[in-house]
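Participant: I am attaching a structure below and will ask some questions about it afterwards.
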Amino acid sequence: IPPSASSASSASVTVFQHAFDTGSYPRVVVASGVQLGSLTANGPSLSVVLQPNCTVGSLASKLIAGAVESTPPSEAEVGASLGSVSVKALGAGSVYLLQLPSTNTSSQLTYRQPAGRVCYSTDLPPDRASLSRGADPWAE
């Protein structure tokens, strides 16, 4: 998704990989400078790559063997700016969101993965940061 594809931060993009397409490993790359209101990406082997300095208001993904990642190439670069993140990994899917910039707004992470492990960190001082368990949006 190049910067010219999103002239306003309210743009929404949905990417769907068919369930029978298990032999390919497509990647959705959101380029630096892109501003999206929302991005939904679902598929058995689909990966989402968020380049440094892109902005996504709401990111939702259901994957089996893919990944959602924002990993700047150096510690000097800032990662993607994200509002809310909701990822459901049904198999070996992974999430790598590193060096995200600090904002004055709350961020929401909803994540479900069979191993039940997640790492979430902030550079806020302890008196300004909190982690709370919310309702399970995928409860049956």
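Identifiers for the structure tokens are assigned positionally: chains receive A, B, ... in sequence, residues are indexed from 1 per chain, and ligands are indexed from 1 in the order shown.
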Would you mind listing what lies within 8 Å of segment 57-69 of chain A as a PDB file with all heavy atoms, in the first residue's frame, with only C-alpha atoms counted and same-chain residues fewer than 4 positions away left out?

Facilitator:
```
ATOM      1  N   SER A   9      -6.715   9.890   6.493  1.00  0.00           N
ATOM      2  CA  SER A   9      -6.518   8.891   7.541  1.00  0.00           C
ATOM      3  C   SER A   9      -7.770   8.064   7.789  1.00  0.00           C
ATOM      4  O   SER A   9      -7.772   7.179   8.625  1.00  0.00           O
ATOM      5  CB  SER A   9      -6.055   9.555   8.836  1.00  0.00           C
ATOM      6  OG  SER A   9      -7.041  10.466   9.282  1.00  0.00           O
ATOM      7  N   TYR A  25       2.597 -17.351   0.199  1.00  0.00           N
ATOM      8  CA  TYR A  25       2.773 -16.565   1.422  1.00  0.00           C
ATOM      9  C   TYR A  25       2.743 -15.081   1.072  1.00  0.00           C
ATOM     10  O   TYR A  25       3.768 -14.408   1.076  1.00  0.00           O
ATOM     11  CB  TYR A  25       4.082 -16.949   2.125  1.00  0.00           C
ATOM     12  CG  TYR A  25       4.007 -18.339   2.702  1.00  0.00           C
ATOM     13  CD1 TYR A  25       4.329 -19.447   1.923  1.00  0.00           C
ATOM     14  CD2 TYR A  25       3.562 -18.549   3.991  1.00  0.00           C
ATOM     15  CE1 TYR A  25       4.226 -20.731   2.439  1.00  0.00           C
ATOM     16  CE2 TYR A  25       3.451 -19.834   4.520  1.00  0.00           C
ATOM     17  CZ  TYR A  25       3.794 -20.912   3.734  1.00  0.00           C
ATOM     18  OH  TYR A  25       3.678 -22.169   4.242  1.00  0.00           O
ATOM     19  N   LEU A  36      -3.909   5.077   7.399  1.00  0.00           N
ATOM     20  CA  LEU A  36      -5.158   4.330   7.206  1.00  0.00           C
ATOM     21  C   LEU A  36      -6.019   4.439   8.458  1.00  0.00           C
ATOM     22  O   LEU A  36      -5.506   4.368   9.572  1.00  0.00           O
ATOM     23  CB  LEU A  36      -4.861   2.856   6.939  1.00  0.00           C
ATOM     24  CG  LEU A  36      -4.104   2.500   5.670  1.00  0.00           C
ATOM     25  CD1 LEU A  36      -3.830   1.000   5.621  1.00  0.00           C
ATOM     26  CD2 LEU A  36      -4.886   2.938   4.442  1.00  0.00           C
ATOM     27  N   GLY A  37      -7.318   4.549   8.247  1.00  0.00           N
ATOM     28  CA  GLY A  37      -8.236   4.507   9.373  1.00  0.00           C
ATOM     29  C   GLY A  37      -8.326   3.094   9.915  1.00  0.00           C
ATOM     30  O   GLY A  37      -8.325   2.875  11.119  1.00  0.00           O
ATOM     31  N   SER A  38      -8.378   2.115   8.997  1.00  0.00           N
ATOM     32  CA  SER A  38      -8.425   0.719   9.430  1.00  0.00           C
ATOM     33  C   SER A  38      -7.812  -0.187   8.373  1.00  0.00           C
ATOM     34  O   SER A  38      -7.814   0.120   7.187  1.00  0.00           O
ATOM     35  CB  SER A  38      -9.867   0.284   9.721  1.00  0.00           C
ATOM     36  OG  SER A  38     -10.628   0.252   8.534  1.00  0.00           O
ATOM     37  N   LEU A  39      -7.287  -1.313   8.866  1.00  0.00           N
ATOM     38  CA  LEU A  39      -6.734  -2.355   8.005  1.00  0.00           C
ATOM     39  C   LEU A  39      -7.194  -3.688   8.558  1.00  0.00           C
ATOM     40  O   LEU A  39      -6.956  -3.988   9.726  1.00  0.00           O
ATOM     41  CB  LEU A  39      -5.199  -2.302   7.977  1.00  0.00           C
ATOM     42  CG  LEU A  39      -4.481  -3.458   7.273  1.00  0.00           C
ATOM     43  CD1 LEU A  39      -4.871  -3.523   5.795  1.00  0.00           C
ATOM     44  CD2 LEU A  39      -2.977  -3.321   7.413  1.00  0.00           C
ATOM     45  N   THR A  40      -7.868  -4.470   7.729  1.00  0.00           N
ATOM     46  CA  THR A  40      -8.289  -5.818   8.084  1.00  0.00           C
ATOM     47  C   THR A  40      -7.608  -6.764   7.107  1.00  0.00           C
ATOM     48  O   THR A  40      -7.721  -6.594   5.898  1.00  0.00           O
ATOM     49  CB  THR A  40      -9.818  -5.971   7.977  1.00  0.00           C
ATOM     50  OG1 THR A  40     -10.434  -5.017   8.836  1.00  0.00           O
ATOM     51  CG2 THR A  40     -10.257  -7.373   8.375  1.00  0.00           C
ATOM     52  N   ALA A  41      -6.877  -7.757   7.650  1.00  0.00           N
ATOM     53  CA  ALA A  41      -6.149  -8.703   6.804  1.00  0.00           C
ATOM     54  C   ALA A  41      -6.320 -10.098   7.368  1.00  0.00           C
ATOM     55  O   ALA A  41      -5.916 -10.361   8.495  1.00  0.00           O
ATOM     56  CB  ALA A  41      -4.673  -8.323   6.740  1.00  0.00           C
ATOM     57  N   ASN A  42      -6.938 -10.983   6.595  1.00  0.00           N
ATOM     58  CA  ASN A  42      -7.216 -12.337   7.047  1.00  0.00           C
ATOM     59  C   ASN A  42      -6.748 -13.346   6.013  1.00  0.00           C
ATOM     60  O   ASN A  42      -6.922 -13.139   4.817  1.00  0.00           O
ATOM     61  CB  ASN A  42      -8.713 -12.535   7.272  1.00  0.00           C
ATOM     62  CG  ASN A  42      -9.280 -11.590   8.306  1.00  0.00           C
ATOM     63  OD1 ASN A  42      -8.611 -11.238   9.275  1.00  0.00           O
ATOM     64  ND2 ASN A  42     -10.506 -11.165   8.106  1.00  0.00           N
ATOM     65  N   GLY A  43      -6.171 -14.460   6.498  1.00  0.00           N
ATOM     66  CA  GLY A  43      -5.772 -15.510   5.580  1.00  0.00           C
ATOM     67  C   GLY A  43      -4.903 -16.557   6.240  1.00  0.00           C
ATOM     68  O   GLY A  43      -4.330 -16.320   7.298  1.00  0.00           O
ATOM     69  N   PRO A  44      -4.807 -17.730   5.606  1.00  0.00           N
ATOM     70  CA  PRO A  44      -4.056 -18.833   6.211  1.00  0.00           C
ATOM     71  C   PRO A  44      -2.544 -18.603   6.262  1.00  0.00           C
ATOM     72  O   PRO A  44      -1.880 -19.102   7.164  1.00  0.00           O
ATOM     73  CB  PRO A  44      -4.393 -20.027   5.330  1.00  0.00           C
ATOM     74  CG  PRO A  44      -4.830 -19.456   4.034  1.00  0.00           C
ATOM     75  CD  PRO A  44      -5.468 -18.138   4.366  1.00  0.00           C
ATOM     76  N   SER A  45      -1.982 -17.839   5.327  1.00  0.00           N
ATOM     77  CA  SER A  45      -0.537 -17.617   5.346  1.00  0.00           C
ATOM     78  C   SER A  45      -0.182 -16.165   5.029  1.00  0.00           C
ATOM     79  O   SER A  45       0.935 -15.852   4.667  1.00  0.00           O
ATOM     80  CB  SER A  45       0.165 -18.555   4.351  1.00  0.00           C
ATOM     81  OG  SER A  45      -0.311 -18.312   3.035  1.00  0.00           O
ATOM     82  N   LEU A  46      -1.139 -15.291   5.194  1.00  0.00           N
ATOM     83  CA  LEU A  46      -0.980 -13.872   4.905  1.00  0.00           C
ATOM     84  C   LEU A  46      -0.162 -13.191   5.996  1.00  0.00           C
ATOM     85  O   LEU A  46      -0.335 -13.488   7.181  1.00  0.00           O
ATOM     86  CB  LEU A  46      -2.357 -13.218   4.823  1.00  0.00           C
ATOM     87  CG  LEU A  46      -2.442 -11.745   4.482  1.00  0.00           C
ATOM     88  CD1 LEU A  46      -2.040 -11.525   3.027  1.00  0.00           C
ATOM     89  CD2 LEU A  46      -3.852 -11.244   4.704  1.00  0.00           C
ATOM     90  N   SER A  47       0.732 -12.303   5.613  1.00  0.00           N
ATOM     91  CA  SER A  47       1.498 -11.509   6.574  1.00  0.00           C
ATOM     92  C   SER A  47       1.270 -10.029   6.309  1.00  0.00           C
ATOM     93  O   SER A  47       1.094  -9.611   5.169  1.00  0.00           O
ATOM     94  CB  SER A  47       2.989 -11.805   6.479  1.00  0.00           C
ATOM     95  OG  SER A  47       3.270 -13.082   6.994  1.00  0.00           O
ATOM     96  N   VAL A  48       1.283  -9.244   7.379  1.00  0.00           N
ATOM     97  CA  VAL A  48       1.150  -7.794   7.296  1.00  0.00           C
ATOM     98  C   VAL A  48       2.447  -7.185   7.799  1.00  0.00           C
ATOM     99  O   VAL A  48       2.886  -7.494   8.910  1.00  0.00           O
ATOM    100  CB  VAL A  48      -0.038  -7.293   8.146  1.00  0.00           C
ATOM    101  CG1 VAL A  48      -0.111  -5.775   8.122  1.00  0.00           C
ATOM    102  CG2 VAL A  48      -1.343  -7.902   7.664  1.00  0.00           C
ATOM    103  N   VAL A  49       3.055  -6.335   6.985  1.00  0.00           N
ATOM    104  CA  VAL A  49       4.297  -5.659   7.353  1.00  0.00           C
ATOM    105  C   VAL A  49       4.003  -4.161   7.397  1.00  0.00           C
ATOM    106  O   VAL A  49       3.587  -3.574   6.404  1.00  0.00           O
ATOM    107  CB  VAL A  49       5.425  -5.948   6.337  1.00  0.00           C
ATOM    108  CG1 VAL A  49       6.682  -5.197   6.717  1.00  0.00           C
ATOM    109  CG2 VAL A  49       5.673  -7.450   6.251  1.00  0.00           C
ATOM    110  N   LEU A  50       4.229  -3.562   8.558  1.00  0.00           N
ATOM    111  CA  LEU A  50       4.003  -2.134   8.748  1.00  0.00           C
ATOM    112  C   LEU A  50       5.367  -1.444   8.769  1.00  0.00           C
ATOM    113  O   LEU A  50       6.145  -1.637   9.698  1.00  0.00           O
ATOM    114  CB  LEU A  50       3.261  -1.887  10.060  1.00  0.00           C
ATOM    115  CG  LEU A  50       1.942  -2.654  10.207  1.00  0.00           C
ATOM    116  CD1 LEU A  50       1.457  -2.608  11.629  1.00  0.00           C
ATOM    117  CD2 LEU A  50       0.902  -2.113   9.253  1.00  0.00           C
ATOM    118  N   SER A  81       2.643   3.747  13.863  1.00  0.00           N
ATOM    119  CA  SER A  81       1.724   4.283  14.868  1.00  0.00           C
ATOM    120  C   SER A  81       0.423   3.503  14.752  1.00  0.00           C
ATOM    121  O   SER A  81      -0.177   3.456  13.678  1.00  0.00           O
ATOM    122  CB  SER A  81       1.455   5.769  14.624  1.00  0.00           C
ATOM    123  OG  SER A  81       2.617   6.522  14.836  1.00  0.00           O
ATOM    124  N   LEU A  82      -0.011   2.883  15.851  1.00  0.00           N
ATOM    125  CA  LEU A  82      -1.211   2.053  15.837  1.00  0.00           C
ATOM    126  C   LEU A  82      -2.179   2.508  16.913  1.00  0.00           C
ATOM    127  O   LEU A  82      -1.766   2.870  18.013  1.00  0.00           O
ATOM    128  CB  LEU A  82      -0.841   0.587  16.089  1.00  0.00           C
ATOM    129  CG  LEU A  82       0.131  -0.046  15.100  1.00  0.00           C
ATOM    130  CD1 LEU A  82       0.527  -1.437  15.566  1.00  0.00           C
ATOM    131  CD2 LEU A  82      -0.499  -0.118  13.720  1.00  0.00           C
ATOM    132  N   GLY A  83      -3.477   2.453  16.593  1.00  0.00           N
ATOM    133  CA  GLY A  83      -4.502   2.732  17.586  1.00  0.00           C
ATOM    134  C   GLY A  83      -4.832   1.453  18.318  1.00  0.00           C
ATOM    135  O   GLY A  83      -4.245   1.127  19.341  1.00  0.00           O
ATOM    136  N   SER A  84      -5.731   0.655  17.770  1.00  0.00           N
ATOM    137  CA  SER A  84      -6.072  -0.625  18.377  1.00  0.00           C
ATOM    138  C   SER A  84      -5.569  -1.757  17.494  1.00  0.00           C
ATOM    139  O   SER A  84      -5.503  -1.625  16.281  1.00  0.00           O
ATOM    140  CB  SER A  84      -7.583  -0.747  18.589  1.00  0.00           C
ATOM    141  OG  SER A  84      -8.255  -0.729  17.347  1.00  0.00           O
ATOM    142  N   VAL A  85      -5.200  -2.864  18.137  1.00  0.00           N
ATOM    143  CA  VAL A  85      -4.688  -4.037  17.428  1.00  0.00           C
ATOM    144  C   VAL A  85      -5.458  -5.250  17.913  1.00  0.00           C
ATOM    145  O   VAL A  85      -5.534  -5.503  19.112  1.00  0.00           O
ATOM    146  CB  VAL A  85      -3.178  -4.245  17.695  1.00  0.00           C
ATOM    147  CG1 VAL A  85      -2.686  -5.497  16.990  1.00  0.00           C
ATOM    148  CG2 VAL A  85      -2.379  -3.028  17.266  1.00  0.00           C
ATOM    149  N   SER A  86      -6.031  -5.993  16.993  1.00  0.00           N
ATOM    150  CA  SER A  86      -6.761  -7.209  17.326  1.00  0.00           C
ATOM    151  C   SER A  86      -6.265  -8.317  16.410  1.00  0.00           C
ATOM    152  O   SER A  86      -6.461  -8.255  15.196  1.00  0.00           O
ATOM    153  CB  SER A  86      -8.263  -6.995  17.130  1.00  0.00           C
ATOM    154  OG  SER A  86      -8.978  -8.179  17.387  1.00  0.00           O
ATOM    155  N   VAL A  87      -5.587  -9.309  16.987  1.00  0.00           N
ATOM    156  CA  VAL A  87      -5.007 -10.390  16.184  1.00  0.00           C
ATOM    157  C   VAL A  87      -5.448 -11.725  16.766  1.00  0.00           C
ATOM    158  O   VAL A  87      -5.329 -11.959  17.968  1.00  0.00           O
ATOM    159  CB  VAL A  87      -3.463 -10.323  16.157  1.00  0.00           C
ATOM    160  CG1 VAL A  87      -2.896 -11.492  15.376  1.00  0.00           C
ATOM    161  CG2 VAL A  87      -2.995  -9.007  15.563  1.00  0.00           C
ATOM    162  N   LYS A  88      -5.956 -12.591  15.922  1.00  0.00           N
ATOM    163  CA  LYS A  88      -6.298 -13.957  16.304  1.00  0.00           C
ATOM    164  C   LYS A  88      -5.415 -14.883  15.488  1.00  0.00           C
ATOM    165  O   LYS A  88      -5.526 -14.934  14.275  1.00  0.00           O
ATOM    166  CB  LYS A  88      -7.770 -14.244  16.034  1.00  0.00           C
ATOM    167  CG  LYS A  88      -8.193 -15.626  16.482  1.00  0.00           C
ATOM    168  CD  LYS A  88      -9.690 -15.834  16.281  1.00  0.00           C
ATOM    169  CE  LYS A  88     -10.146 -17.169  16.800  1.00  0.00           C
ATOM    170  NZ  LYS A  88     -11.575 -17.389  16.611  1.00  0.00           N
ATOM    171  N   ALA A  89      -4.491 -15.562  16.159  1.00  0.00           N
ATOM    172  CA  ALA A  89      -3.587 -16.492  15.493  1.00  0.00           C
ATOM    173  C   ALA A  89      -4.074 -17.908  15.785  1.00  0.00           C
ATOM    174  O   ALA A  89      -4.030 -18.354  16.919  1.00  0.00           O
ATOM    175  CB  ALA A  89      -2.159 -16.294  15.994  1.00  0.00           C
ATOM    176  N   LEU A  90      -4.540 -18.603  14.763  1.00  0.00           N
ATOM    177  CA  LEU A  90      -5.118 -19.927  14.960  1.00  0.00           C
ATOM    178  C   LEU A  90      -4.086 -21.038  14.939  1.00  0.00           C
ATOM    179  O   LEU A  90      -4.387 -22.162  15.273  1.00  0.00           O
ATOM    180  CB  LEU A  90      -6.173 -20.192  13.876  1.00  0.00           C
ATOM    181  CG  LEU A  90      -7.323 -19.189  13.840  1.00  0.00           C
ATOM    182  CD1 LEU A  90      -8.193 -19.441  12.616  1.00  0.00           C
ATOM    183  CD2 LEU A  90      -8.148 -19.286  15.105  1.00  0.00           C
ATOM    184  N   GLY A  91      -2.876 -20.732  14.537  1.00  0.00           N
ATOM    185  CA  GLY A  91      -1.824 -21.751  14.455  1.00  0.00           C
ATOM    186  C   GLY A  91      -0.516 -21.174  14.927  1.00  0.00           C
ATOM    187  O   GLY A  91      -0.388 -20.763  16.063  1.00  0.00           O
ATOM    188  N   ALA A  92       0.435 -21.095  14.018  1.00  0.00           N
ATOM    189  CA  ALA A  92       1.770 -20.621  14.368  1.00  0.00           C
ATOM    190  C   ALA A  92       1.943 -19.144  14.046  1.00  0.00           C
ATOM    191  O   ALA A  92       3.056 -18.673  13.895  1.00  0.00           O
ATOM    192  CB  ALA A  92       2.818 -21.444  13.633  1.00  0.00           C
ATOM    193  N   GLY A  93       0.867 -18.397  13.913  1.00  0.00           N
ATOM    194  CA  GLY A  93       0.956 -16.978  13.589  1.00  0.00           C
ATOM    195  C   GLY A  93       1.699 -16.209  14.658  1.00  0.00           C
ATOM    196  O   GLY A  93       1.688 -16.572  15.824  1.00  0.00           O
ATOM    197  N   SER A  94       2.359 -15.119  14.256  1.00  0.00           N
ATOM    198  CA  SER A  94       3.177 -14.331  15.172  1.00  0.00           C
ATOM    199  C   SER A  94       2.851 -12.858  15.056  1.00  0.00           C
ATOM    200  O   SER A  94       2.408 -12.381  14.016  1.00  0.00           O
ATOM    201  CB  SER A  94       4.657 -14.527  14.851  1.00  0.00           C
ATOM    202  OG  SER A  94       5.022 -15.874  14.953  1.00  0.00           O
ATOM    203  N   VAL A  95       3.132 -12.122  16.143  1.00  0.00           N
ATOM    204  CA  VAL A  95       2.978 -10.679  16.157  1.00  0.00           C
ATOM    205  C   VAL A  95       4.261 -10.069  16.691  1.00  0.00           C
ATOM    206  O   VAL A  95       4.730 -10.449  17.764  1.00  0.00           O
ATOM    207  CB  VAL A  95       1.788 -10.248  17.045  1.00  0.00           C
ATOM    208  CG1 VAL A  95       1.670  -8.740  17.082  1.00  0.00           C
ATOM    209  CG2 VAL A  95       0.488 -10.867  16.556  1.00  0.00           C
ATOM    210  N   TYR A  96       4.845  -9.161  15.920  1.00  0.00           N
ATOM    211  CA  TYR A  96       6.051  -8.442  16.328  1.00  0.00           C
ATOM    212  C   TYR A  96       5.775  -6.954  16.129  1.00  0.00           C
ATOM    213  O   TYR A  96       5.759  -6.478  14.996  1.00  0.00           O
ATOM    214  CB  TYR A  96       7.254  -8.831  15.469  1.00  0.00           C
ATOM    215  CG  TYR A  96       7.580 -10.289  15.500  1.00  0.00           C
ATOM    216  CD1 TYR A  96       7.101 -11.145  14.522  1.00  0.00           C
ATOM    217  CD2 TYR A  96       8.380 -10.817  16.505  1.00  0.00           C
ATOM    218  CE1 TYR A  96       7.399 -12.497  14.539  1.00  0.00           C
ATOM    219  CE2 TYR A  96       8.686 -12.167  16.534  1.00  0.00           C
ATOM    220  CZ  TYR A  96       8.190 -12.999  15.549  1.00  0.00           C
ATOM    221  OH  TYR A  96       8.491 -14.339  15.572  1.00  0.00           O
ATOM    222  N   LEU A  97       5.517  -6.245  17.202  1.00  0.00           N
ATOM    223  CA  LEU A  97       5.277  -4.811  17.140  1.00  0.00           C
ATOM    224  C   LEU A  97       6.329  -4.139  18.011  1.00  0.00           C
ATOM    225  O   LEU A  97       6.193  -4.075  19.232  1.00  0.00           O
ATOM    226  CB  LEU A  97       3.858  -4.478  17.610  1.00  0.00           C
ATOM    227  CG  LEU A  97       2.738  -5.136  16.810  1.00  0.00           C
ATOM    228  CD1 LEU A  97       1.380  -4.845  17.425  1.00  0.00           C
ATOM    229  CD2 LEU A  97       2.774  -4.677  15.360  1.00  0.00           C
ATOM    230  N   LEU A  98       7.387  -3.652  17.378  1.00  0.00           N
ATOM    231  CA  LEU A  98       8.531  -3.119  18.097  1.00  0.00           C
ATOM    232  C   LEU A  98       8.714  -1.629  17.836  1.00  0.00           C
ATOM    233  O   LEU A  98       8.403  -1.140  16.753  1.00  0.00           O
ATOM    234  CB  LEU A  98       9.802  -3.868  17.681  1.00  0.00           C
ATOM    235  CG  LEU A  98       9.740  -5.395  17.777  1.00  0.00           C
ATOM    236  CD1 LEU A  98      11.016  -6.004  17.244  1.00  0.00           C
ATOM    237  CD2 LEU A  98       9.487  -5.824  19.200  1.00  0.00           C
TER     238      LEU A  98
END
```

Participant: Just the number, please: distance in Å from atom CA of Cys54 of chain A to atom CA of Val15 of chain A, one decimal.

Facilitator: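 It comes out at 17.5 Å.
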
Participant: Could you give me, as a list in words, the residues within 12 Å of Ser74 of chain A, counting only C-alpha atoms and dropping anything in the same chain fewer than 3 positions from it?

Facilitator: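 Contacts, in chain order: Gln51, Pro52, Ser70, Thr71, Glu77, Val78, Gly79, Leu98 and Gln99 of chain A.
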
Participant: Output the selection as an mmCIF file, in the first residue's frame - N, CA and C atoms for each residue.

Facilitator:
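And here is the file that came out, again23.cif:
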```
data_model
loop_
_atom_site.group_PDB
_atom_site.id
_atom_site.type_symbol
_atom_site.label_atom_id
_atom_site.label_comp_id
_atom_site.auth_asym_id
_atom_site.auth_seq_id
_atom_site.Cartn_x
_atom_site.Cartn_y
_atom_site.Cartn_z
ATOM 1 N N GLN A 51 5.648 -0.660 7.735
ATOM 2 C CA GLN A 51 6.935 0.010 7.663
ATOM 3 C C GLN A 51 6.978 1.187 8.639
ATOM 4 N N PRO A 52 8.190 1.633 9.005
ATOM 5 C CA PRO A 52 8.309 2.753 9.931
ATOM 6 C C PRO A 52 7.517 3.975 9.465
ATOM 7 N N SER A 70 5.842 -4.960 12.811
ATOM 8 C CA SER A 70 6.411 -3.631 12.636
ATOM 9 C C SER A 70 7.764 -3.692 13.313
ATOM 10 N N THR A 71 8.793 -3.919 12.523
ATOM 11 C CA THR A 71 10.140 -4.083 13.066
ATOM 12 C C THR A 71 11.088 -3.168 12.316
ATOM 13 N N GLU A 77 15.118 4.241 14.334
ATOM 14 C CA GLU A 77 13.863 4.485 13.622
ATOM 15 C C GLU A 77 12.664 4.169 14.507
ATOM 16 N N VAL A 78 11.592 4.887 14.271
ATOM 17 C CA VAL A 78 10.345 4.678 14.995
ATOM 18 C C VAL A 78 9.471 3.744 14.173
ATOM 19 N N GLY A 79 8.781 2.838 14.850
ATOM 20 C CA GLY A 79 7.895 1.906 14.169
ATOM 21 C C GLY A 79 6.590 2.562 13.750
ATOM 22 N N LEU A 98 7.387 -3.652 17.378
ATOM 23 C CA LEU A 98 8.531 -3.119 18.097
ATOM 24 C C LEU A 98 8.714 -1.629 17.836
ATOM 25 N N GLN A 99 9.240 -0.934 18.826
ATOM 26 C CA GLN A 99 9.573 0.481 18.736
ATOM 27 C C GLN A 99 8.397 1.343 18.281
#
```

Participant: Please report, as an NGL selection string, each residue of segment 8-119 of chain A to which DSSP assigns strand (DSSP E or B) when run on this structure's backbone.

Facilitator: :A and (12-16 or 27-30 or 35-43 or 47-50 or 55-63 or 67-70 or 81-89 or 94-97 or 108-112)
